[in-house]
There are 2 protein chains.
Amino acid sequence: MANALLEKDKAAATDFLLPSETGAELTAKAAQIVEAARGLFTEHGFAAVSMDQIAKSAGVSKATVYAYFDSKEQLFVAIVSRACRTYAETVMPEVRDAPDIRAALTRIGHAVASFLLAPRTMAIYRIIVAEGPRFPDLARGWYESGPRAFKRLLTSFLVEAIEKGQLKIENPRLAAELFCGMVRGPLYMQVLLNTPDPESPDAETVVNGAVEMFLRSFGVPGARS
Amino acid sequence: MANALLEKDKAAATDFLLPSETGAELTAKAAQIVEAARGLFTEHGFAAVSMDQIAKSAGVSKATVYAYFDSKEQLFVAIVSRACRTYAETVMPEVRDAPDIRAALTRIGHAVASFLLAPRTMAIYRIIVAEGPRFPDLARGWYESGPRAFKRLLTSFLVEAIEKGQLKIENPRLAAELFCGMVRGPLYMQVLLNTPDPESPDAETVVNGAVEMFLRSFGVPGARS
DNA sequence: GTCTATACAACGATAGAC
DNA sequence: GTCTATCGTTGTATAGAC
């Protein structure tokens with residue numbers, strides 16, 4: 001059951017394709033350029049990196065870069081597309097059956113926290129936020145492929161748990177949103193801005209706290225939790 | 001009691017001053033330039049706006065802009081400083097006594113949601129995120145003046161409520177973090193990326209849901225909630 | 001302090017040989 | 001496809017007159 005829902009939503013998630021994903025896989029040299037650009041954008045931001053630097057870092061000439069990508073913008077789109085694919089392949093599968101609802105939520109929580117807080121993910125997100133106004137379609141595509149697809153999937157998971165009698169929730173979508181907010185919120189901004197706060201709880205504490213709070217609100221006393 | 005804590009933490013919050021706040025107030029013309037720059041940065045981002053545009057929008061020559069601000073970067077710092085001051089004056093005072101704990105949390109939740117989601121706030125945050133790597137001190141200053149100060153204040157509020165017997169919480173700081181995450185998380189990303197999601201609950205629903213969840217976990221049955 | 005005009009550097013993108 | 005060399009533009013920042 002869970003797998004059926006999973007497959008359905010996973011299909012829905014990848015149904016939306018970012019521009020450069022519609023084509024075939026990148027060639028080796030294109031991938032090499034994309035990887036170099038990703039590293040530089042990650043470190044210095046989009047505007048601060050020149051095509052000369054990218055070419056040099058990738059070990060090719062600038063003309064070669066332009067042979068594969070029409071513009072700096074399009075190169076950026078390719079980077080984001082790759083990140084979306086990784087996201088779909090990494091976090092999505094974590095939402096499936098587990099021994100009990102507590103274990104499942106904990107697992108999901110850790111998957112979300114660890115993936116979202118990974119430097120690579122944050123770097124991409126930072127650039128999307130930064131350049132969002134200039135790339136509205138890209139921002140939308142990323143949101144659809146990533147956060148929105150995941151929230152739908154998590155909502156399906158909760159609905160299923162409700163039907164099994166493991167949870168009691170009036171508004172599953174709201175519950176999914178709140179859970180995501182709890183897991184992500186406390187550490188997200190610190191990582192995003194690179195401003196660690198020693199007073200903040202660590203990821204483990206946050207996930208456990210979120211699961212605990214979630215179950216106290218929505219857990220069914222009788223059910224194994 | 002609450003006011004004593006409030007005053008103390010408010011002082012602590014403004015104790016940290018961003019560079020340009022250490023000096024006196026801006027002159028009228030400087031403020032005029034800052035305001036023009038803020039509007040342009042808000043709309044187009046930092047890198048995409050030239051000093052020529054700023055000068056034109058402010059109705060002065062470029063040389064005049066440079067007479068007041070040494071560089072584009074410093075002009076940006078001035079903008080953020082202003083935003084921090086507004087934050088301290090707007091959200092912080094919301095954390096104080098209310099008829100009961102539920103009303104207090106709801107009020108805080110709405111204040112956080114409405115301020116954080118305001119276009120002006122989001123625009124500043126977007127730029128901070130975008131240019132964070134290039135302005136590490138600025139990002140840190142903003143975090144200290146804003147989110148961190150608020151979380152401390154909220155934690156103090158919770159501790160006080162615990163002492164009054166209105167709440168029962170083991171880790172108040174964690175609870176404050178989770179509450180902020182719930183209130184902010186669901187809508188934050190959508191506004192930040194300008195990708196509205198019709199499936200998402202609205203702000204009212206989110207705040208009420210968060211308060212409900214918080215009280216179910218930490219509320220004291222006997223106390224008036 | 002404020003303006004006009006300009007110096008100087010850097011960037012994105014391309015032309016043309018191989 | 002890949003390179004070297006370069007074009008045209010744009011941007012930050014400043015010089016000098018008032």
# chains A, B, ... in the order shown; residues from 1 in each chain; ligands from 1
$ interface_residues --of "chain A" --to "chain D" --cutoff "8 Å" --atoms "only C-alpha atoms (C1' of nucleotides)" --output "PyMOL selection string"
chain A and resi 61+63-64+67
$ write_last_selection --atoms "C-alpha atoms" --output "mmCIF file, in the first residue's frame"
data_model
loop_
_atom_site.group_PDB
_atom_site.id
_atom_site.type_symbol
_atom_site.label_atom_id
_atom_site.label_comp_id
_atom_site.auth_asym_id
_atom_site.auth_seq_id
_atom_site.Cartn_x
_atom_site.Cartn_y
_atom_site.Cartn_z
ATOM 1 C CA SER A 61 38.468 26.968 -22.649
ATOM 2 C CA ALA A 63 34.563 28.652 -25.952
ATOM 3 C CA THR A 64 34.087 25.029 -25.004
ATOM 4 C CA ALA A 67 29.723 25.008 -26.988
#
$ closest_atom_pairs --of "chain A" --to "chain C" --cutoff "12 Å" --atoms "only C-alpha atoms (C1' of nucleotides)" --output "tab-separated table"
residue	atom	partner	partner_atom	distance
A:Ala47	CA	C:DC11	C1'	10.4
A:Ala48	CA	C:DC11	C1'	10.4
A:Val49	CA	C:DC11	C1'	9.8
A:Ser50	CA	C:DC11	C1'	7.0
A:Met51	CA	C:DG12	C1'	7.6
A:Asp52	CA	C:DC11	C1'	9.0
A:Gln53	CA	C:DC11	C1'	11.1
A:Lys62	CA	C:DA13	C1'	9.6
A:Ala63	CA	C:DT14	C1'	8.5
A:Thr64	CA	C:DT14	C1'	11.9
A:Val65	CA	C:DA13	C1'	11.0
A:Tyr66	CA	C:DA13	C1'	8.3
A:Ala67	CA	C:DT14	C1'	11.2
A:Phe69	CA	C:DA13	C1'	11.6
A:Asp70	CA	C:DA13	C1'	9.4
A:Ser71	CA	C:DG12	C1'	8.3
A:Lys72	CA	C:DG12	C1'	8.3
A:Glu73	CA	C:DG12	C1'	11.0
$ interface_residues --of "chain B" --to "chain A" --cutoff "9 Å" --atoms "only C-alpha atoms" --output "number ranges by chain"
B: 43-48, 126-134, 136, 139-140, 143-144, 147-148, 173-175, 177-187, 189-190, 192-197, 199-201, 205-206, 209-210, 212-218
$ select_by_dssp --residues "stretch 2-223 of chain B" --states "alpha helix (DSSP H)" --output "JSON, numbers by chain"
{"B": [2, 3, 4, 5, 6, 7, 8, 9, 10, 11, 12, 13, 14, 15, 28, 29, 30, 31, 32, 33, 34, 35, 36, 37, 38, 39, 40, 41, 42, 43, 44, 51, 52, 53, 54, 55, 56, 57, 58, 62, 63, 64, 65, 66, 67, 68, 72, 73, 74, 75, 76, 77, 78, 79, 80, 81, 82, 83, 84, 85, 86, 87, 88, 89, 90, 101, 102, 103, 104, 105, 106, 107, 108, 109, 110, 111, 112, 113, 114, 115, 116, 117, 119, 120, 121, 122, 123, 124, 125, 126, 127, 128, 129, 130, 131, 136, 137, 138, 139, 140, 141, 142, 143, 149, 150, 151, 152, 153, 154, 155, 156, 157, 158, 159, 160, 161, 162, 163, 172, 173, 174, 175, 176, 177, 178, 179, 180, 181, 182, 183, 184, 185, 186, 187, 188, 189, 190, 191, 192, 193, 203, 204, 205, 206, 207, 208, 209, 210, 211, 212, 213, 214, 215, 216, 217, 218]}
$ atom_distance --atom1 "atom CA of A:Val91" --atom2 "atom CA of A:Glu204"
17.3 Å
